[in-house]
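Asker: Next comes the structure file my_file.txt, holding compact mmCIF, C-alpha atoms.
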# COMPACT_ATOMS: atom_id res chain seq x y z
CA MET A 1 0.00 0.00 0.00
CA ILE A 2 1.26 3.45 -0.93
CA LYS A 3 -0.02 6.29 1.25
CA HIS A 4 -0.38 9.77 -0.17
CA HIS A 5 -2.91 12.50 -0.72
CA GLN A 6 -5.48 11.91 -3.43
CA LEU A 7 -5.25 14.38 -6.30
CA LEU A 8 -8.65 15.90 -6.99
CA PRO A 9 -9.83 17.39 -10.29
CA GLY A 10 -7.81 20.50 -11.03
CA ASN A 11 -4.98 19.68 -8.61
CA ARG A 12 -2.64 18.49 -11.35
CA GLN A 13 -2.96 21.75 -13.26
CA ARG A 14 -2.31 23.83 -10.14
CA ARG A 15 0.74 21.73 -9.28
CA LEU A 16 2.01 22.02 -12.83
CA GLN A 17 1.50 25.78 -12.85
CA PHE A 18 3.47 26.26 -9.63
CA CYS A 19 6.30 23.96 -10.73
CA GLN A 20 6.70 25.74 -14.04
CA TRP A 21 6.72 29.09 -12.23
CA LEU A 22 9.39 27.92 -9.78
CA LEU A 23 11.61 26.58 -12.55
CA ASP A 24 11.40 29.95 -14.31
CA GLN A 25 12.85 31.83 -11.32
CA PRO A 26 16.49 33.06 -11.18
CA ASP A 27 19.18 30.59 -10.10
CA ARG A 28 19.51 32.03 -6.57
CA PHE A 29 15.79 32.47 -5.95
CA LEU A 30 15.59 29.66 -3.39
CA GLU A 31 18.18 31.37 -1.17
CA ASP A 32 15.51 33.92 -0.25
CA LEU A 33 12.65 31.42 0.09
CA LEU A 34 11.28 30.80 3.60
CA ILE A 35 8.92 27.86 3.84
CA GLY A 36 7.40 26.88 7.18
CA ASP A 37 4.96 24.29 8.43
CA GLU A 38 3.77 22.39 11.49
CA SER A 39 3.91 18.70 12.37
CA GLY A 40 2.56 16.74 15.30
CA PHE A 41 4.87 14.69 17.54
CA ALA A 42 2.98 12.11 19.65
CA LEU A 43 4.62 10.81 22.80
CA ASN A 44 3.83 7.20 21.83
CA ALA A 45 5.54 7.79 18.43
CA THR A 46 2.46 6.86 16.39
CA ILE A 47 1.76 8.71 13.16
CA ASN A 48 -1.69 10.07 12.32
CA THR A 49 -1.99 9.36 8.59
CA HIS A 50 -4.54 11.26 6.52
CA ASN A 51 -6.08 10.55 3.12
CA ILE A 52 -5.04 6.91 2.97
CA ARG A 53 -5.69 5.13 -0.31
CA ALA A 54 -5.19 1.40 -0.91
CA TYR A 55 -4.23 0.43 -4.47
CA ARG A 56 -4.81 -3.00 -6.08
CA LEU A 57 -4.57 -4.29 -9.60
CA ARG A 58 -7.48 -3.33 -11.83
CA GLY A 59 -10.47 -5.56 -11.21
CA GLN A 60 -9.36 -6.73 -7.76
CA PRO A 61 -11.15 -5.67 -4.56
CA PRO A 62 -9.29 -3.31 -2.20
CA LEU A 63 -7.28 -4.73 0.67
CA GLU A 64 -8.90 -4.70 4.09
CA PHE A 65 -7.00 -2.68 6.67
CA ASP A 66 -7.73 -0.68 9.79
CA TYR A 67 -7.12 3.04 9.99
CA GLN A 68 -5.77 3.69 13.47
CA ARG A 69 -6.33 7.26 14.46
CA ASN A 70 -4.07 8.63 17.15
CA ASP A 71 -6.27 10.39 19.70
CA SER A 72 -3.56 10.68 22.34
CA ARG A 73 -3.48 14.09 23.99
CA LEU A 74 0.18 13.54 24.84
CA LYS A 75 1.55 15.28 21.80
CA ILE A 76 3.21 18.48 20.69
CA THR A 77 2.74 20.38 17.48
CA THR A 78 6.01 21.86 16.23
CA TRP A 79 6.54 24.67 13.72
CA VAL A 80 9.82 25.00 11.84
CA GLY A 81 10.85 27.25 8.96
CA LEU A 82 13.54 26.42 6.41
CA MET A 83 15.34 28.93 4.20
CA GLY A 84 17.25 28.19 1.05
CA ASN A 85 20.31 30.01 2.42
CA GLY A 86 20.69 27.31 5.10
CA THR A 87 18.86 29.12 7.92
CA ILE A 88 16.44 27.31 10.25
CA LEU A 89 13.75 29.19 12.18
CA GLY A 90 12.26 27.59 15.26
CA PRO A 91 11.34 25.24 16.66
CA VAL A 92 8.12 26.72 18.04
CA PHE A 93 6.04 24.39 20.20
CA PHE A 94 2.25 24.34 20.58
CA ASN A 95 0.57 22.33 23.33
CA GLU A 96 -2.82 23.05 21.76
CA ASN A 97 -4.10 22.85 18.21
CA VAL A 98 -2.67 25.56 15.97
CA ASN A 99 -5.31 28.14 15.10
CA GLY A 100 -5.10 31.50 13.36
CA PRO A 101 -4.20 33.63 16.41
CA ARG A 102 -1.50 31.19 17.59
CA TYR A 103 0.00 30.99 14.12
CA LEU A 104 -0.04 34.77 13.81
CA ALA A 105 1.68 35.06 17.18
CA THR A 106 4.43 32.73 15.90
CA ILE A 107 4.98 35.01 12.92
CA ASN A 108 5.11 38.16 15.02
CA GLU A 109 7.11 36.79 17.96
CA GLN A 110 9.46 34.33 16.23
CA VAL A 111 9.70 34.95 12.49
CA VAL A 112 9.82 38.75 12.42
CA PRO A 113 12.64 39.10 15.01
CA ALA A 114 14.68 36.35 13.32
CA LEU A 115 14.44 37.97 9.89
CA ALA A 116 15.14 41.41 11.37
CA ASN A 117 18.57 40.12 12.42
CA GLU A 118 19.48 39.28 8.81
CA ARG A 119 20.99 42.32 7.10
CA ARG A 120 20.07 41.00 3.66
CA TYR A 121 16.38 41.17 4.54
CA ARG A 122 16.32 44.45 6.46
CA ARG A 123 13.07 46.38 6.36
CA GLN A 124 12.30 50.06 6.32
CA GLY A 125 10.93 50.79 9.79
CA ASN A 126 7.97 48.47 10.27
CA GLY A 127 7.50 47.99 6.54
CA ARG A 128 8.15 45.02 4.28
CA PHE A 129 11.17 42.78 4.41
CA ARG A 130 13.43 42.91 1.39
CA ARG A 131 13.84 39.90 -0.90
CA VAL A 132 12.16 37.28 1.34
CA TRP A 133 9.54 35.02 -0.26
CA TRP A 134 7.19 33.43 2.25
CA ALA A 135 5.67 30.02 1.38
CA GLN A 136 2.97 28.17 3.29
CA ASP A 137 0.34 25.57 2.50
CA GLY A 138 -3.42 26.05 2.68
CA ALA A 139 -4.01 24.79 6.24
CA PRO A 140 -6.93 26.62 7.90
CA CYS A 141 -4.70 28.33 10.49
CA HIS A 142 -2.64 29.79 7.62
CA ARG A 143 -5.73 31.31 5.97
CA ASN A 144 -6.98 33.37 8.89
CA ARG A 145 -7.79 36.88 7.63
CA ALA A 146 -5.55 38.63 10.15
CA THR A 147 -2.70 36.32 9.15
CA THR A 148 -3.09 36.88 5.41
CA GLU A 149 -3.18 40.64 5.96
CA ARG A 150 -0.03 40.41 8.07
CA MET A 151 1.69 38.44 5.32
CA THR A 152 0.98 41.27 2.91
CA GLU A 153 2.34 43.82 5.37
CA LEU A 154 5.57 41.87 5.78
CA PHE A 155 6.21 40.48 2.29
CA GLY A 156 3.89 42.25 -0.13
CA GLU A 157 3.32 40.11 -3.23
CA ARG A 158 6.17 37.77 -2.30
CA VAL A 159 3.80 35.29 -0.66
CA ILE A 160 3.26 31.79 -2.01
CA ALA A 161 -0.02 30.58 -0.55
CA LEU A 162 -3.60 29.63 -1.33
CA ASN A 163 -5.51 32.28 -3.30
CA ARG A 164 -2.38 34.33 -3.95
CA PRO A 165 -0.99 35.31 -7.38
CA VAL A 166 1.61 32.58 -6.83
CA GLU A 167 -0.26 29.69 -5.27
CA TRP A 168 1.17 26.85 -3.23
CA PRO A 169 -0.65 23.91 -4.84
CA PRO A 170 -2.98 21.85 -2.65
CA ARG A 171 -2.15 18.24 -1.78
CA SER A 172 1.54 18.70 -2.53
CA PRO A 173 3.61 17.40 0.41
CA ASP A 174 6.02 15.85 -2.11
CA LEU A 175 7.18 19.32 -3.16
CA THR A 176 8.03 20.86 0.23
CA PRO A 177 11.36 20.13 1.97
CA LEU A 178 9.60 19.91 5.33
CA ASP A 179 7.34 17.00 4.42
CA PHE A 180 9.85 15.40 2.05
CA PHE A 181 12.87 15.68 4.36
CA LEU A 182 12.67 17.47 7.69
CA TRP A 183 9.81 15.79 9.55
CA GLY A 184 10.93 12.27 8.67
CA HIS A 185 14.51 13.08 9.64
CA LEU A 186 13.50 14.60 12.97
CA LYS A 187 11.16 11.79 13.94
CA SER A 188 13.75 9.15 13.10
CA LYS A 189 16.06 10.89 15.59
CA VAL A 190 13.57 11.89 18.28
CA PHE A 191 11.89 8.49 18.55
CA VAL A 192 15.04 6.36 18.36
CA THR A 193 14.38 5.37 22.01
CA PRO A 194 11.19 5.70 24.10
CA LEU A 195 10.39 9.08 25.62
CA ALA A 196 9.44 9.58 29.26
CA ASN A 197 7.35 12.74 28.88
CA LEU A 198 6.59 15.76 26.69
CA GLU A 199 9.40 17.81 28.19
CA GLU A 200 11.95 15.21 27.14
CA MET A 201 10.43 15.22 23.65
CA ARG A 202 10.80 19.01 23.45
CA ARG A 203 14.44 18.71 24.47
CA ARG A 204 15.16 16.07 21.85
CA ILE A 205 13.47 18.05 19.09
CA THR A 206 15.43 21.16 20.11
CA VAL A 207 18.72 19.25 20.19
CA GLU A 208 18.14 17.79 16.73
CA ILE A 209 17.14 21.17 15.31
CA GLU A 210 20.31 22.69 16.75
CA ALA A 211 22.38 19.94 15.12
CA LEU A 212 20.78 20.73 11.77
CA ARG A 213 21.36 24.44 12.34
CA GLN A 214 25.08 23.75 12.33
CA ASP A 215 24.88 22.09 8.91
CA ARG A 216 23.71 24.91 6.67
CA GLY A 217 24.84 23.01 3.60
CA LEU A 218 22.40 20.20 4.35
CA ILE A 219 19.51 22.63 4.68
CA ARG A 220 20.49 24.40 1.45
CA ARG A 221 20.53 21.07 -0.37
CA ALA A 222 17.18 20.04 1.13
CA VAL A 223 15.55 23.23 -0.15
CA ARG A 224 17.32 23.13 -3.49
CA ASP A 225 16.09 19.58 -4.03
CA MET A 226 12.69 21.17 -4.59
CA LEU A 227 13.91 21.90 -8.12
CA THR A 228 14.57 18.22 -8.81
CA ARG A 229 11.11 17.30 -7.61
CA THR A 230 9.39 20.10 -9.52
CA ARG A 231 11.07 18.88 -12.73
CA LYS A 232 9.72 15.40 -12.05
CA CYS A 233 6.29 16.87 -11.38
CA VAL A 234 6.36 18.71 -14.72
CA LYS A 235 7.48 15.53 -16.47
CA ARG A 236 4.49 13.74 -14.93
CA GLU A 237 2.17 16.57 -16.02
CA GLY A 238 1.37 17.59 -12.45
CA GLY A 239 1.29 14.10 -10.96
CA TYR A 240 3.10 12.96 -7.85
CA ILE A 241 6.84 12.46 -8.19
CA GLU A 242 6.62 8.91 -6.77
CA ASP A 243 4.09 6.17 -7.49
Could you rewrite the structure in this file as structure tokens?

Answerer:
Amino acid sequence: MIKHHQLLPGNRQRRLQFCQWLLDQPDRFLEDLLIGDESGFALNATINTHNIRAYRLRGQPPLEFDYQRNDSRLKITTWVGLMGNGTILGPVFFNENVNGPRYLATINEQVVPALANERRYRRQGNGRFRRVWWAQDGAPCHRNRATTERMTELFGERVIALNRPVEWPPRSPDLTPLDFFLWGHLKSKVFVTPLANLEEMRRRITVEIEALRQDRGLIRRAVRDMLTRTRKCVKREGGYIED
């Protein structure tokens, strides 16, 4: 069984449009791209998988399997941002579900100060940052009105998101370096041995993020690999890069 999001009508074209746009950008474009996202870390190390599809040969009935939903409250949602210049922002931890106000607070309290320390992205007073492109998926907490307005204040038209001139395509975890690299890498490290409590899990996540922060070349390669995957996506006419 292969697990991935189901592409709905129109998704292929939106994926293809974004990939073609990205491939048309200047060579150093990704150095100024900041892409962030959240992932849940459950204390019992189980993964809550969404949009499962079971594939069989044509004419054969689907396999029977149980979908085990993880309802454990012992979990932490973690936000991390990756930049193509090798910078990591975060981690930011949420003990509750991430909603619009909490996500906006992360932007104002974590992202803005971090970018303000980068001379390349300096802003005029409280105006827009220079050069930075902000990318985020279409999760509900990312589409809060106050958040979208704040994005415009900070980055102007340099926002890649749902219902923007440059749209991050829906159902596209195969294109982002967080889903394709970071979360799997972190969880393979954090859950290598059992965890006693949430505080220990926070410490492990922080330690692993700090280790990655020291390897800027790895982060640059992880973001730059987006180009390889977008080329595959174009070759597959908007389809997923792996069957």

Asker: Counting all atoms listed in the file, which of A:Val166, A:Leu74, A:Ala45, A:Ala161 gets nearest to A:Ser188?

Answerer: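 Closest to A:Ser188 of all the choices is A:Ala45.
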
Asker: Go through A:Leu82, A:Leu43, A:Phe94, A:Gly217 and flag the residue nearest A:Val190, using all atoms listed in the file for the distances.

Answerer: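 Nearest candidate to A:Val190 out of A:Leu82, A:Leu43, A:Phe94, A:Gly217: A:Leu43.
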
Asker: List the spatial neighbours of A:Lys75 as a VMD selection string - criterion: any atom at most 9 Å away, all atoms listed in the file, same-chain residues fewer than 2 positions off excluded.

Answerer: chain A and resid 40 to 44 72 to 73 77 95 to 96 198

Asker: Counting all atoms listed in the file, figure out which residue out of A:Cys233, A:Ala116, A:Leu195, A:Ile35 gets nearest to A:Gly81.

Answerer: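 Looking at the shortest contact to A:Gly81, the residue is A:Ile35.
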
Asker: List every protein, DNA or RNA residue that has an atom no more than 8 Å from (-4.2, 16.7, -2.1) in the file's coordinate frame, counting all atoms listed in the file, and report them as a PDB file with C-alpha atoms, in the coordinates of the input.

Answerer:
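Result saved to selection_21.pdb:
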ATOM      1  CA  HIS A   5      -2.910  12.500  -0.720  1.00  0.00           C
ATOM      2  CA  GLN A   6      -5.480  11.910  -3.430  1.00  0.00           C
ATOM      3  CA  LEU A   7      -5.250  14.380  -6.300  1.00  0.00           C
ATOM      4  CA  LEU A   8      -8.650  15.900  -6.990  1.00  0.00           C
ATOM      5  CA  ASN A  11      -4.980  19.680  -8.610  1.00  0.00           C
ATOM      6  CA  PRO A 170      -2.980  21.850  -2.650  1.00  0.00           C
ATOM      7  CA  ARG A 171      -2.150  18.240  -1.780  1.00  0.00           C
ATOM      8  CA  SER A 172       1.540  18.700  -2.530  1.00  0.00           C
TER       9      SER A 172
END

Asker: Please build the interface table for stretch 88-171 of chain A against stretch 209-216 of chain A with a cut-off of 10 Å, listing for each qualifying residue the nearest atom pair and the distance in Å to one decimal; count only C-alpha atoms, order rows by chain and increasing number, and write it as a tab-separated table.

Answerer:
residue	atom	partner	partner_atom	distance
A:Ile88	CA	A:Arg213	CA	6.1
A:Leu89	CA	A:Arg213	CA	9.0
A:Gly90	CA	A:Ile209	CA	8.1
A:Pro91	CA	A:Ile209	CA	7.2

Asker: Please provide as an MDAnalysis selection string all residues within 10 Å of A:Gln17, with the sequence filter that same-chain residues fewer than 5 positions apart are discarded (counting all atoms listed in the file).

Answerer: chainID A and resid 11:12 22 166:169 234 237:238

Asker: Given the selection you just returned, output its residues as a file containing C-alpha atoms, formatted as a CSV table (one decimal), keeping the file's coordinate frame.

Answerer:
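Here's the written file part_11.csv:
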chain,number,residue,atom,x,y,z
A,11,ASN,CA,-5.0,19.7,-8.6
A,12,ARG,CA,-2.6,18.5,-11.4
A,22,LEU,CA,9.4,27.9,-9.8
A,166,VAL,CA,1.6,32.6,-6.8
A,167,GLU,CA,-0.3,29.7,-5.3
A,168,TRP,CA,1.2,26.8,-3.2
A,169,PRO,CA,-0.6,23.9,-4.8
A,234,VAL,CA,6.4,18.7,-14.7
A,237,GLU,CA,2.2,16.6,-16.0
A,238,GLY,CA,1.4,17.6,-12.4

Asker: Could you check how far atom CA of A:Phe129 sits from atom CA of A:Ala105, in Å to one decimal?

Answerer: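 Result for atom CA of A:Phe129 versus atom CA of A:Ala105: 17.7 Å, one decimal.
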
Asker: Rounded to one decimal in Å, what is the spacing between atom CA of A:Gln136 and atom CA of A:Phe191?

Answerer: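 About the pair atom CA of A:Gln136 and atom CA of A:Phe191: they are 26.5 Å apart.
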
Asker: Which of these residues is nearest to A:Arg102, using all atoms listed in the file: A:Val192, A:Ala135, A:Ala114, A:Cys141?

Answerer: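 Closest to A:Arg102, using all atoms listed in the file: A:Cys141.
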
Asker: Excluding A:Asp225 and residues on its chain fewer than 3 positions from it, collect all residues at most 12 Å away from it, counting all atoms listed in the file, and give them as a list of chain:residue names.

Answerer: A:Leu23, A:Leu30, A:Gly84, A:Asp174, A:Leu175, A:Thr176, A:Pro177, A:Leu178, A:Phe180, A:Phe181, A:Leu218, A:Ile219, A:Arg220, A:Arg221, A:Ala222, A:Thr228, A:Arg229, A:Thr230, A:Arg231, A:Lys232

Asker: For atom CA of A:Arg128 and atom CA of A:Asp179, quote the distance in Å rounded to one decimal.

Answerer: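 Rounded to one decimal, the two atoms are 28.0 Å apart.
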
Asker: Find the residue from A:Glu118, A:Arg28, A:Glu38, A:Arg202 that sits nearest to A:Val98; use only C-alpha atoms when measuring.

Answerer: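 Distance minimum relative to A:Val98 lands on A:Glu38.
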
Asker: Point out the residue among A:Leu182, A:Ala196, A:Cys19, A:Leu154 with the least atom-to-atom distance to A:Met226, counting only C-alpha atoms.

Answerer: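 So, comparing all the options, the nearest one is A:Cys19.
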
Asker: Using all atoms listed in the file, which protein or nucleic acid residues come within 12 Å of A:Thr148? Drop anything in the same chain fewer than 5 positions from it, and give the result as a compact mmCIF listing (two decimals) with C-alpha atoms, in the coordinates of the input.

Answerer:
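Now in out-v3.txt:
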# COMPACT_ATOMS: atom_id res chain seq x y z
CA GLY A 100 -5.10 31.50 13.36
CA PRO A 101 -4.20 33.63 16.41
CA TYR A 103 0.00 30.99 14.12
CA LEU A 104 -0.04 34.77 13.81
CA ILE A 107 4.98 35.01 12.92
CA TRP A 134 7.19 33.43 2.25
CA ALA A 135 5.67 30.02 1.38
CA GLN A 136 2.97 28.17 3.29
CA GLY A 138 -3.42 26.05 2.68
CA PRO A 140 -6.93 26.62 7.90
CA CYS A 141 -4.70 28.33 10.49
CA HIS A 142 -2.64 29.79 7.62
CA ARG A 143 -5.73 31.31 5.97
CA GLU A 153 2.34 43.82 5.37
CA LEU A 154 5.57 41.87 5.78
CA PHE A 155 6.21 40.48 2.29
CA GLY A 156 3.89 42.25 -0.13
CA GLU A 157 3.32 40.11 -3.23
CA VAL A 159 3.80 35.29 -0.66
CA ILE A 160 3.26 31.79 -2.01
CA ALA A 161 -0.02 30.58 -0.55
CA LEU A 162 -3.60 29.63 -1.33
CA ASN A 163 -5.51 32.28 -3.30
CA ARG A 164 -2.38 34.33 -3.95
